[in-house]
file my_file12.pdb (PDB, C-alpha atoms, pLDDT in the B column)
ATOM      1  CA  MET A  16      83.224  13.221  81.815  1.00 64.00           C
ATOM      2  CA  SER A  17      83.560   9.445  81.627  1.00 67.00           C
ATOM      3  CA  ARG A  18      82.638   7.835  78.352  1.00 82.00           C
ATOM      4  CA  LYS A  19      80.733   5.037  79.973  1.00 85.00           C
ATOM      5  CA  PRO A  20      79.441   5.989  83.427  1.00 84.00           C
ATOM      6  CA  TYR A  21      79.264   3.063  85.817  1.00 84.00           C
ATOM      7  CA  ILE A  22      75.677   2.267  86.717  1.00 82.00           C
ATOM      8  CA  ARG A  23      75.500  -0.225  89.545  1.00 81.00           C
ATOM      9  CA  LYS A  24      73.095  -3.064  88.913  1.00 80.00           C
ATOM     10  CA  ILE A  25      70.541  -3.355  91.679  1.00 76.00           C
ATOM     11  CA  SER A  26      68.060  -6.143  91.553  1.00 76.00           C
ATOM     12  CA  THR A  27      64.564  -4.776  91.358  1.00 74.00           C
ATOM     13  CA  THR A  28      63.075  -7.883  92.914  1.00 78.00           C
ATOM     14  CA  SER A  29      65.524  -8.898  95.637  1.00 82.00           C
ATOM     15  CA  TRP A  30      67.013  -5.595  96.789  1.00 83.00           C
ATOM     16  CA  TRP A  31      65.073  -5.926 100.004  1.00 82.00           C
ATOM     17  CA  LEU A  32      66.899  -9.084 101.019  1.00 83.00           C
ATOM     18  CA  LYS A  33      70.213  -7.289 101.105  1.00 85.00           C
ATOM     19  CA  ARG A  34      69.715  -5.538 104.449  1.00 88.00           C
ATOM     20  CA  PRO A  35      67.653  -6.388 107.550  1.00 89.00           C
ATOM     21  CA  ALA A  36      66.096  -2.914 107.542  1.00 89.00           C
ATOM     22  CA  TYR A  37      64.975  -3.373 103.937  1.00 87.00           C
ATOM     23  CA  THR A  38      63.566  -6.816 104.746  1.00 89.00           C
ATOM     24  CA  ARG A  39      61.635  -5.499 107.727  1.00 90.00           C
ATOM     25  CA  TYR A  40      60.259  -2.756 105.489  1.00 90.00           C
ATOM     26  CA  MET A  41      59.006  -5.235 102.889  1.00 90.00           C
ATOM     27  CA  ILE A  42      57.467  -7.482 105.558  1.00 92.00           C
ATOM     28  CA  ARG A  43      55.690  -4.426 106.909  1.00 93.00           C
ATOM     29  CA  GLU A  44      54.406  -3.492 103.480  1.00 92.00           C
ATOM     30  CA  PHE A  45      53.463  -7.094 102.756  1.00 93.00           C
ATOM     31  CA  SER A  46      51.248  -7.099 105.853  1.00 95.00           C
ATOM     32  CA  SER A  47      48.845  -5.031 103.765  1.00 95.00           C
ATOM     33  CA  PHE A  48      47.922  -8.139 101.763  1.00 96.00           C
ATOM     34  CA  PHE A  49      46.629  -9.759 104.939  1.00 97.00           C
ATOM     35  CA  VAL A  50      44.925  -6.625 106.218  1.00 97.00           C
ATOM     36  CA  GLY A  51      43.270  -6.181 102.822  1.00 97.00           C
ATOM     37  CA  GLY A  52      42.544  -9.889 102.612  1.00 97.00           C
ATOM     38  CA  TYR A  53      40.760  -9.791 105.933  1.00 98.00           C
ATOM     39  CA  ALA A  54      38.754  -6.730 104.865  1.00 97.00           C
ATOM     40  CA  ALA A  55      37.702  -8.837 101.877  1.00 97.00           C
ATOM     41  CA  VAL A  56      36.698 -11.685 104.210  1.00 98.00           C
ATOM     42  CA  LEU A  57      34.502  -9.256 106.174  1.00 98.00           C
ATOM     43  CA  MET A  58      33.068  -7.936 102.913  1.00 97.00           C
ATOM     44  CA  ILE A  59      32.206 -11.470 101.811  1.00 97.00           C
ATOM     45  CA  GLY A  60      30.685 -12.166 105.228  1.00 97.00           C
ATOM     46  CA  VAL A  61      28.389  -9.165 104.964  1.00 97.00           C
ATOM     47  CA  ARG A  62      27.440 -10.199 101.435  1.00 97.00           C
ATOM     48  CA  ARG A  63      26.588 -13.716 102.634  1.00 97.00           C
ATOM     49  CA  LEU A  64      24.596 -12.188 105.465  1.00 97.00           C
ATOM     50  CA  ALA A  65      22.538 -10.292 102.884  1.00 96.00           C
ATOM     51  CA  GLN A  66      22.032 -13.497 100.913  1.00 97.00           C
ATOM     52  CA  GLY A  67      20.241 -15.163 103.781  1.00 95.00           C
ATOM     53  CA  ARG A  68      20.656 -17.588 106.627  1.00 96.00           C
ATOM     54  CA  GLU A  69      21.868 -20.598 104.631  1.00 97.00           C
ATOM     55  CA  ALA A  70      24.467 -18.635 102.722  1.00 97.00           C
ATOM     56  CA  TYR A  71      25.741 -17.011 105.903  1.00 97.00           C
ATOM     57  CA  ASP A  72      25.859 -20.302 107.816  1.00 97.00           C
ATOM     58  CA  ALA A  73      27.891 -21.793 104.958  1.00 97.00           C
ATOM     59  CA  PHE A  74      30.257 -18.844 105.252  1.00 97.00           C
ATOM     60  CA  LEU A  75      30.709 -19.533 108.983  1.00 97.00           C
ATOM     61  CA  VAL A  76      31.493 -23.166 108.194  1.00 97.00           C
ATOM     62  CA  SER A  77      34.073 -22.096 105.610  1.00 97.00           C
ATOM     63  CA  LEU A  78      35.857 -20.093 108.318  1.00 97.00           C
ATOM     64  CA  GLN A  79      36.659 -23.431 109.934  1.00 97.00           C
ATOM     65  CA  SER A  80      38.512 -24.792 106.917  1.00 97.00           C
ATOM     66  CA  PRO A  81      42.290 -25.340 107.309  1.00 97.00           C
ATOM     67  CA  LEU A  82      42.962 -22.694 104.662  1.00 98.00           C
ATOM     68  CA  ALA A  83      40.827 -20.115 106.454  1.00 98.00           C
ATOM     69  CA  LEU A  84      42.325 -20.913 109.850  1.00 98.00           C
ATOM     70  CA  THR A  85      45.848 -20.705 108.459  1.00 98.00           C
ATOM     71  CA  PHE A  86      45.124 -17.418 106.713  1.00 98.00           C
ATOM     72  CA  HIS A  87      43.747 -15.885 109.907  1.00 98.00           C
ATOM     73  CA  ALA A  88      46.513 -17.232 112.127  1.00 98.00           C
ATOM     74  CA  VAL A  89      49.279 -15.998 109.827  1.00 98.00           C
ATOM     75  CA  GLY A  90      47.350 -12.843 109.049  1.00 98.00           C
ATOM     76  CA  LEU A  91      46.964 -12.067 112.731  1.00 98.00           C
ATOM     77  CA  LEU A  92      50.740 -12.083 113.115  1.00 97.00           C
ATOM     78  CA  PHE A  93      51.150  -9.787 110.130  1.00 97.00           C
ATOM     79  CA  ALA A  94      48.339  -7.544 111.426  1.00 97.00           C
ATOM     80  CA  LEU A  95      50.116  -7.244 114.776  1.00 97.00           C
ATOM     81  CA  TYR A  96      53.329  -6.400 112.926  1.00 96.00           C
ATOM     82  CA  HIS A  97      51.462  -3.640 111.137  1.00 96.00           C
ATOM     83  CA  THR A  98      50.163  -2.382 114.490  1.00 96.00           C
ATOM     84  CA  VAL A  99      53.598  -2.340 116.063  1.00 95.00           C
ATOM     85  CA  THR A 100      55.241  -0.601 113.119  1.00 93.00           C
ATOM     86  CA  PHE A 101      52.388   1.863 112.622  1.00 93.00           C
ATOM     87  CA  PHE A 102      52.378   2.857 116.293  1.00 92.00           C
ATOM     88  CA  GLY A 103      56.158   2.974 116.268  1.00 89.00           C
ATOM     89  CA  ALA A 104      55.982   5.723 113.673  1.00 84.00           C
ATOM     90  CA  SER A 105      53.130   7.541 115.404  1.00 79.00           C
ATOM     91  CA  ASP A 106      55.342   9.781 117.484  1.00 72.00           C
ATOM     92  CA  LYS A 107      56.787  11.177 114.258  1.00 76.00           C
ATOM     93  CA  ALA A 108      53.383  11.350 112.584  1.00 75.00           C
ATOM     94  CA  LEU A 109      51.643  13.055 115.490  1.00 75.00           C
ATOM     95  CA  PRO A 110      54.172  15.246 117.300  1.00 76.00           C
ATOM     96  CA  MET A 111      52.438  16.931 120.214  1.00 78.00           C
ATOM     97  CA  GLN A 112      53.259  19.978 122.202  1.00 77.00           C
ATOM     98  CA  ILE A 113      51.598  21.197 125.358  1.00 79.00           C
ATOM     99  CA  GLY A 114      52.607  24.779 125.988  1.00 78.00           C
ATOM    100  CA  ALA A 115      56.365  24.879 125.666  1.00 78.00           C
ATOM    101  CA  GLU A 116      56.900  21.179 126.366  1.00 80.00           C
ATOM    102  CA  LYS A 117      57.048  18.563 123.661  1.00 82.00           C
ATOM    103  CA  VAL A 118      55.197  15.419 124.607  1.00 80.00           C
ATOM    104  CA  PRO A 119      57.732  12.579 124.789  1.00 83.00           C
ATOM    105  CA  GLY A 120      57.553  10.266 121.795  1.00 80.00           C
ATOM    106  CA  LYS A 121      57.214   7.212 124.028  1.00 86.00           C
ATOM    107  CA  LEU A 122      54.093   8.678 125.576  1.00 87.00           C
ATOM    108  CA  ILE A 123      52.501   9.184 122.178  1.00 87.00           C
ATOM    109  CA  VAL A 124      53.279   5.613 121.197  1.00 90.00           C
ATOM    110  CA  ALA A 125      52.027   4.304 124.553  1.00 91.00           C
ATOM    111  CA  GLY A 126      48.827   6.279 124.107  1.00 91.00           C
ATOM    112  CA  HIS A 127      48.172   4.469 120.839  1.00 93.00           C
ATOM    113  CA  TYR A 128      48.658   1.087 122.499  1.00 95.00           C
ATOM    114  CA  ALA A 129      46.352   2.085 125.347  1.00 96.00           C
ATOM    115  CA  ALA A 130      43.678   3.065 122.832  1.00 96.00           C
ATOM    116  CA  MET A 131      44.141  -0.189 120.942  1.00 97.00           C
ATOM    117  CA  VAL A 132      43.855  -2.318 124.085  1.00 97.00           C
ATOM    118  CA  ALA A 133      40.767  -0.400 125.224  1.00 97.00           C
ATOM    119  CA  LEU A 134      39.109  -0.688 121.828  1.00 97.00           C
ATOM    120  CA  SER A 135      39.957  -4.380 121.533  1.00 97.00           C
ATOM    121  CA  ALA A 136      38.542  -5.066 125.001  1.00 97.00           C
ATOM    122  CA  PHE A 137      35.410  -3.150 124.063  1.00 96.00           C
ATOM    123  CA  ILE A 138      34.954  -5.208 120.902  1.00 96.00           C
ATOM    124  CA  LEU A 139      35.446  -8.479 122.797  1.00 96.00           C
ATOM    125  CA  VAL A 140      32.952  -7.427 125.464  1.00 96.00           C
ATOM    126  CA  LEU A 141      30.428  -6.562 122.761  1.00 93.00           C
ATOM    127  CA  ALA A 142      30.966  -9.912 121.083  1.00 94.00           C
ATOM    128  CA  LEU A 143      30.627 -11.919 124.282  1.00 93.00           C
ATOM    129  CA  TRP A 144      27.775  -9.917 125.785  1.00 86.00           C
ATOM    130  CA  ARG A 145      24.688 -11.944 126.490  1.00 77.00           C
TER     131      ARG A 145
ATOM    132  CA  MET B  10      40.197  21.154  88.666  1.00 50.00           C
ATOM    133  CA  SER B  11      43.421  22.439  87.238  1.00 59.00           C
ATOM    134  CA  GLY B  12      45.257  19.106  87.142  1.00 71.00           C
ATOM    135  CA  ARG B  13      45.934  18.852  90.860  1.00 78.00           C
ATOM    136  CA  SER B  14      47.118  15.547  92.143  1.00 80.00           C
ATOM    137  CA  LYS B  15      44.430  13.234  93.478  1.00 75.00           C
ATOM    138  CA  GLU B  16      46.972  11.685  95.786  1.00 74.00           C
ATOM    139  CA  PRO B  17      45.961  13.540  98.987  1.00 79.00           C
ATOM    140  CA  ILE B  18      42.518  11.918  98.852  1.00 78.00           C
ATOM    141  CA  PHE B  19      43.993   8.449  98.645  1.00 74.00           C
ATOM    142  CA  TRP B  20      46.591   9.295 101.250  1.00 77.00           C
ATOM    143  CA  SER B  21      44.025  10.245 103.889  1.00 81.00           C
ATOM    144  CA  LEU B  22      42.172   6.976 103.245  1.00 81.00           C
ATOM    145  CA  PHE B  23      45.534   5.286 103.632  1.00 84.00           C
ATOM    146  CA  ALA B  24      46.278   7.012 106.947  1.00 87.00           C
ATOM    147  CA  GLY B  25      42.809   6.469 108.388  1.00 90.00           C
ATOM    148  CA  GLY B  26      42.771   2.877 107.278  1.00 93.00           C
ATOM    149  CA  GLY B  27      46.216   2.369 108.731  1.00 94.00           C
ATOM    150  CA  MET B  28      45.149   3.674 112.106  1.00 94.00           C
ATOM    151  CA  LEU B  29      41.855   1.779 112.180  1.00 96.00           C
ATOM    152  CA  SER B  30      43.395  -1.489 111.041  1.00 96.00           C
ATOM    153  CA  ALA B  31      46.243  -1.089 113.534  1.00 96.00           C
ATOM    154  CA  MET B  32      43.668  -0.736 116.285  1.00 97.00           C
ATOM    155  CA  THR B  33      40.967  -3.232 115.295  1.00 97.00           C
ATOM    156  CA  THR B  34      42.221  -5.766 112.752  1.00 97.00           C
ATOM    157  CA  PRO B  35      44.129  -7.940 115.256  1.00 98.00           C
ATOM    158  CA  VAL B  36      41.211  -8.362 117.670  1.00 98.00           C
ATOM    159  CA  LEU B  37      38.738  -8.904 114.834  1.00 98.00           C
ATOM    160  CA  MET B  38      40.943 -11.470 113.101  1.00 98.00           C
ATOM    161  CA  PHE B  39      41.346 -13.227 116.434  1.00 98.00           C
ATOM    162  CA  LEU B  40      37.622 -13.165 117.135  1.00 97.00           C
ATOM    163  CA  THR B  41      36.208 -14.108 113.738  1.00 97.00           C
ATOM    164  CA  GLY B  42      39.121 -16.074 112.320  1.00 97.00           C
ATOM    165  CA  LEU B  43      40.282 -18.087 115.298  1.00 97.00           C
ATOM    166  CA  ALA B  44      38.261 -17.842 118.526  1.00 97.00           C
ATOM    167  CA  VAL B  45      34.814 -18.578 117.116  1.00 97.00           C
ATOM    168  CA  PRO B  46      35.797 -21.111 114.386  1.00 97.00           C
ATOM    169  CA  LEU B  47      37.968 -23.013 116.875  1.00 97.00           C
ATOM    170  CA  GLY B  48      35.295 -22.996 119.553  1.00 96.00           C
ATOM    171  CA  TRP B  49      37.180 -20.878 122.085  1.00 96.00           C
ATOM    172  CA  PHE B  50      34.126 -18.636 122.157  1.00 96.00           C
ATOM    173  CA  ALA B  51      30.532 -19.775 121.977  1.00 94.00           C
ATOM    174  CA  ALA B  52      29.645 -21.080 118.539  1.00 92.00           C
ATOM    175  CA  ASP B  53      26.728 -18.671 118.135  1.00 93.00           C
ATOM    176  CA  THR B  54      28.827 -15.538 118.819  1.00 96.00           C
ATOM    177  CA  LEU B  55      28.694 -14.690 115.112  1.00 96.00           C
ATOM    178  CA  SER B  56      25.374 -16.360 114.420  1.00 96.00           C
ATOM    179  CA  TYR B  57      23.016 -15.131 111.727  1.00 96.00           C
ATOM    180  CA  ASP B  58      20.547 -13.849 114.301  1.00 96.00           C
ATOM    181  CA  ARG B  59      23.152 -11.964 116.283  1.00 95.00           C
ATOM    182  CA  MET B  60      24.673 -10.435 113.158  1.00 96.00           C
ATOM    183  CA  MET B  61      21.230  -9.369 111.953  1.00 95.00           C
ATOM    184  CA  ALA B  62      20.729  -7.710 115.338  1.00 94.00           C
ATOM    185  CA  LEU B  63      24.038  -5.907 114.819  1.00 94.00           C
ATOM    186  CA  VAL B  64      23.169  -4.564 111.377  1.00 94.00           C
ATOM    187  CA  HIS B  65      19.850  -3.315 112.670  1.00 94.00           C
ATOM    188  CA  PHE B  66      21.359  -1.603 115.697  1.00 93.00           C
ATOM    189  CA  GLY B  67      20.682   2.110 115.902  1.00 91.00           C
ATOM    190  CA  PRO B  68      18.240   4.245 113.897  1.00 94.00           C
ATOM    191  CA  TYR B  69      17.782   2.581 110.492  1.00 89.00           C
ATOM    192  CA  GLY B  70      20.545   0.235 111.607  1.00 91.00           C
ATOM    193  CA  LEU B  71      23.030   3.020 110.967  1.00 94.00           C
ATOM    194  CA  ILE B  72      25.250   2.320 113.940  1.00 95.00           C
ATOM    195  CA  GLY B  73      25.695  -1.370 113.215  1.00 95.00           C
ATOM    196  CA  LYS B  74      25.963  -0.923 109.457  1.00 96.00           C
ATOM    197  CA  GLY B  75      28.204   2.098 109.864  1.00 96.00           C
ATOM    198  CA  ALA B  76      30.605   0.232 112.113  1.00 96.00           C
ATOM    199  CA  LEU B  77      30.800  -2.731 109.741  1.00 96.00           C
ATOM    200  CA  PHE B  78      31.221  -0.467 106.741  1.00 97.00           C
ATOM    201  CA  VAL B  79      34.043   1.568 108.277  1.00 96.00           C
ATOM    202  CA  VAL B  80      35.888  -1.531 109.411  1.00 97.00           C
ATOM    203  CA  ILE B  81      35.764  -2.906 105.870  1.00 97.00           C
ATOM    204  CA  PHE B  82      36.147   0.295 103.870  1.00 96.00           C
ATOM    205  CA  LEU B  83      39.105   2.060 105.495  1.00 96.00           C
ATOM    206  CA  PRO B  84      41.457  -0.917 105.889  1.00 96.00           C
ATOM    207  CA  MET B  85      40.600  -1.995 102.343  1.00 96.00           C
ATOM    208  CA  TRP B  86      41.777   1.327 100.895  1.00 94.00           C
ATOM    209  CA  HIS B  87      44.824   1.376 103.137  1.00 94.00           C
ATOM    210  CA  ALA B  88      45.757  -2.085 101.951  1.00 95.00           C
ATOM    211  CA  ALA B  89      45.064  -1.256  98.307  1.00 94.00           C
ATOM    212  CA  HIS B  90      47.486   1.673  98.443  1.00 91.00           C
ATOM    213  CA  ARG B  91      50.139  -0.269 100.281  1.00 92.00           C
ATOM    214  CA  ALA B  92      49.823  -3.491  98.306  1.00 93.00           C
ATOM    215  CA  GLY B  93      50.013  -1.591  95.028  1.00 91.00           C
ATOM    216  CA  MET B  94      53.079   0.307  96.183  1.00 90.00           C
ATOM    217  CA  SER B  95      54.791  -2.867  97.378  1.00 90.00           C
ATOM    218  CA  LEU B  96      54.250  -4.492  93.977  1.00 88.00           C
ATOM    219  CA  ILE B  97      55.932  -1.465  92.468  1.00 87.00           C
ATOM    220  CA  ASP B  98      58.730  -1.817  95.043  1.00 84.00           C
ATOM    221  CA  LEU B  99      59.222  -5.373  93.828  1.00 82.00           C
ATOM    222  CA  GLY B 100      60.254  -4.095  90.456  1.00 75.00           C
ATOM    223  CA  VAL B 101      57.138  -4.182  88.377  1.00 68.00           C
ATOM    224  CA  ARG B 102      58.618  -1.232  86.502  1.00 66.00           C
ATOM    225  CA  GLY B 103      57.131   1.491  84.441  1.00 65.00           C
ATOM    226  CA  VAL B 104      53.501   0.654  85.153  1.00 81.00           C
ATOM    227  CA  LYS B 105      52.825   2.524  88.373  1.00 83.00           C
ATOM    228  CA  PRO B 106      49.590   4.133  87.146  1.00 87.00           C
ATOM    229  CA  LEU B 107      48.336   0.753  85.953  1.00 89.00           C
ATOM    230  CA  ILE B 108      49.155  -1.048  89.208  1.00 89.00           C
ATOM    231  CA  MET B 109      47.629   1.702  91.318  1.00 89.00           C
ATOM    232  CA  THR B 110      44.550   1.799  89.088  1.00 91.00           C
ATOM    233  CA  VAL B 111      44.088  -1.943  89.524  1.00 91.00           C
ATOM    234  CA  SER B 112      44.665  -1.676  93.292  1.00 92.00           C
ATOM    235  CA  TYR B 113      42.278   1.204  93.810  1.00 92.00           C
ATOM    236  CA  GLY B 114      39.859  -0.382  91.360  1.00 95.00           C
ATOM    237  CA  ALA B 115      39.766  -3.506  93.477  1.00 96.00           C
ATOM    238  CA  ALA B 116      39.140  -1.417  96.588  1.00 95.00           C
ATOM    239  CA  ALA B 117      36.382   0.478  94.774  1.00 95.00           C
ATOM    240  CA  ALA B 118      34.752  -2.778  93.681  1.00 97.00           C
ATOM    241  CA  GLY B 119      34.988  -4.077  97.234  1.00 96.00           C
ATOM    242  CA  THR B 120      33.391  -0.898  98.521  1.00 96.00           C
ATOM    243  CA  VAL B 121      30.466  -1.270  96.119  1.00 97.00           C
ATOM    244  CA  ILE B 122      29.957  -4.896  97.167  1.00 96.00           C
ATOM    245  CA  ALA B 123      30.027  -3.968 100.859  1.00 96.00           C
ATOM    246  CA  VAL B 124      27.628  -1.040 100.431  1.00 96.00           C
ATOM    247  CA  ARG B 125      25.139  -3.079  98.406  1.00 97.00           C
ATOM    248  CA  ALA B 126      25.243  -5.898 100.941  1.00 96.00           C
ATOM    249  CA  LEU B 127      24.751  -3.549 103.884  1.00 95.00           C
ATOM    250  CA  LEU B 128      21.829  -1.877 102.159  1.00 95.00           C
ATOM    251  CA  ALA B 129      20.277  -5.294 101.496  1.00 93.00           C
ATOM    252  CA  VAL B 130      20.352  -6.734 105.015  1.00 90.00           C
TER     253      VAL B 130
END
call {"tool": "encode", "arguments": {"input": "my_file12.pdb", "output": "structure tokens"}}
result
Amino acid sequence: MSRKPYIRKISTTSWWLKRPAYTRYMIREFSSFFVGGYAAVLMIGVRRLAQGREAYDAFLVSLQSPLALTFHAVGLLFALYHTVTFFGASDKALPMQIGAEKVPGKLIVAGHYAAMVALSAFILVLALWR
Amino acid sequence: MSGRSKEPIFWSLFAGGGMLSAMTTPVLMFLTGLAVPLGWFAADTLSYDRMMALVHFGPYGLIGKGALFVVIFLPMWHAAHRAGMSLIDLGVRGVKPLIMTVSYGAAAAGTVIAVRALLAV
């Protein structure tokens, strides 16, 4: 038994900068601030809607501010990163078997992207429908 | 309950919110945060009248309100779990219950605000 065991010092705040895999992990986790932030924006929008036409129109105007545009532009990139990483893990999260054959992981991941594209197209069609 | 962990409840909100936000957050951020404000789509795409039509869509407006609620609620809880955990990952030591309480508390408050607003429109 050593009298003073060596305990390696690991920074609790910058450990994730030490390896690319750790950095990618933290970026992925950090995307949640933008996803949550956008959920808050939607929540505020619905609240303004309930407060009446003037309040809601003011909310729409605020979406045009440089801060709002920057948040949504940057947030969109982080949201897409979340999508890519979440789908990337989906073949491990949802392993599928048909009979004796395991469904290839790539197919499971591709299925998620197909669903996302279809759903996104549907939402855009709804929004643009006249 | 005999002291079972509450974590599975939060985890399923996390998973559902992760899936829903992976599927819908990009297109919604693009639509509401860029396309309409920047004029790529018609300026009245998100107008008061059209949004009121949305929240009244379906019996008692349940379809429109339900869709808006789900798209706020699930990603919010997903993000609360993840954001709290990432703060813990950044070394805010020894206060995991506090950080998670604050994170989930914020999501709970957000849920209340969203529900009250949707009931009021």
call {"tool": "atom_distance", "arguments": {"input": "my_file12.pdb", "atom1": "CA of Ala129 in chain B", "atom2": "CA of Thr41 in chain B"}}
result
21.9 Å
call {"tool": "resolve_selection", "arguments": {"input": "my_file12.pdb", "expression": "the PyMOL selection byres ((chain B and resi 122) around 12)", "output": "PyMOL selection string"}}
result
(chain A and resi 54-63+65) or (chain B and resi 78+81-82+115-121+123-129)
call {"tool": "resolve_selection", "arguments": {"input": "my_file12.pdb", "expression": "the ChimeraX specification (/A :<7) & /B", "output": "MDAnalysis selection string"}}
result
chainID B and resid 31:36 38:39 42:43 46 54 57 81 84:85 88:89 91:92 95 99:100 123 126:127 129:130
call {"tool": "closest_residue", "arguments": {"input": "my_file12.pdb", "among": "B:Val111, B:Gly93, B:Gly12, B:Leu77", "to": "Leu37 in chain B", "atoms": "only C-alpha atoms"}}
result
B:Leu77
call {"tool": "atom_distance", "arguments": {"input": "my_file12.pdb", "atom1": "CA of Trp20 in chain B", "atom2": "CA of Met94 in chain B"}}
result
12.2 Å
call {"tool": "atom_distance", "arguments": {"input": "my_file12.pdb", "atom1": "CA of His90 in chain B", "atom2": "CA of Phe19 in chain B"}}
result
7.6 Å
call {"tool": "closest_residue", "arguments": {"input": "my_file12.pdb", "among": "B:Leu55, B:Ala62, B:Leu83, B:Met109", "to": "Phe74 in chain A", "atoms": "all atoms listed in the file"}}
result
B:Leu55
call {"tool": "axis_aligned_box", "arguments": {"input": "my_file12.pdb", "around": "range 51-58 of chain A", "padding_each_side": "6 Å", "output": "lines of an AutoDock Vina configuration file"}}
result
center_x = 38.2
center_y = -8.9
center_z = 104.0
size_x = 22.2
size_y = 17.5
size_z = 16.3
call {"tool": "closest_residue", "arguments": {"input": "my_file12.pdb", "among": "A:Leu109, A:Lys117, A:Arg39, A:Val140", "to": "Leu40 in chain B", "atoms": "all atoms listed in the file"}}
result
A:Val140
call {"tool": "closest_residue", "arguments": {"input": "my_file12.pdb", "among": "A:Pro20, A:Gly103, A:Pro81, A:Pro35", "to": "Lys121 in chain A", "atoms": "only C-alpha atoms"}}
result
A:Gly103
call {"tool": "build_atoms", "arguments": {"input": "my_file12.pdb", "residues": "range 86-98 of chain B", "atoms": "N, CA, C and O atoms", "output": "compact mmCIF listing (two decimals), in the coordinates of the input"}}
result
# COMPACT_ATOMS: atom_id res chain seq x y z
N TRP B 86 41.08 0.30 101.67
CA TRP B 86 41.78 1.33 100.90
C TRP B 86 43.22 1.48 101.34
O TRP B 86 44.11 1.73 100.53
N HIS B 87 43.46 1.34 102.64
CA HIS B 87 44.82 1.38 103.14
C HIS B 87 45.63 0.27 102.48
O HIS B 87 46.74 0.48 101.99
N ALA B 88 45.05 -0.93 102.49
CA ALA B 88 45.76 -2.08 101.95
C ALA B 88 45.94 -1.96 100.44
O ALA B 88 47.00 -2.34 99.91
N ALA B 89 44.95 -1.40 99.76
CA ALA B 89 45.06 -1.26 98.31
C ALA B 89 46.25 -0.36 97.96
O ALA B 89 47.06 -0.68 97.10
N HIS B 90 46.38 0.76 98.68
CA HIS B 90 47.49 1.67 98.44
C HIS B 90 48.81 0.98 98.71
O HIS B 90 49.73 1.01 97.89
N ARG B 91 48.88 0.35 99.86
CA ARG B 91 50.14 -0.27 100.28
C ARG B 91 50.51 -1.46 99.42
O ARG B 91 51.68 -1.64 99.08
N ALA B 92 49.54 -2.30 99.11
CA ALA B 92 49.82 -3.49 98.31
C ALA B 92 50.28 -3.08 96.91
O ALA B 92 51.24 -3.64 96.37
N GLY B 93 49.60 -2.08 96.34
CA GLY B 93 50.01 -1.59 95.03
C GLY B 93 51.43 -1.06 95.06
O GLY B 93 52.26 -1.37 94.20
N MET B 94 51.74 -0.27 96.08
CA MET B 94 53.08 0.31 96.18
C MET B 94 54.12 -0.78 96.39
O MET B 94 55.24 -0.68 95.89
N SER B 95 53.78 -1.83 97.14
CA SER B 95 54.79 -2.87 97.38
C SER B 95 55.04 -3.68 96.12
O SER B 95 56.15 -4.14 95.89
N LEU B 96 54.02 -3.82 95.27
CA LEU B 96 54.25 -4.49 93.98
C LEU B 96 55.20 -3.66 93.12
O LEU B 96 56.07 -4.18 92.44
N ILE B 97 55.03 -2.35 93.20
CA ILE B 97 55.93 -1.46 92.47
C ILE B 97 57.34 -1.57 93.05
O ILE B 97 58.33 -1.60 92.32
N ASP B 98 57.43 -1.66 94.39
CA ASP B 98 58.73 -1.82 95.04
C ASP B 98 59.42 -3.11 94.63
O ASP B 98 60.64 -3.22 94.73
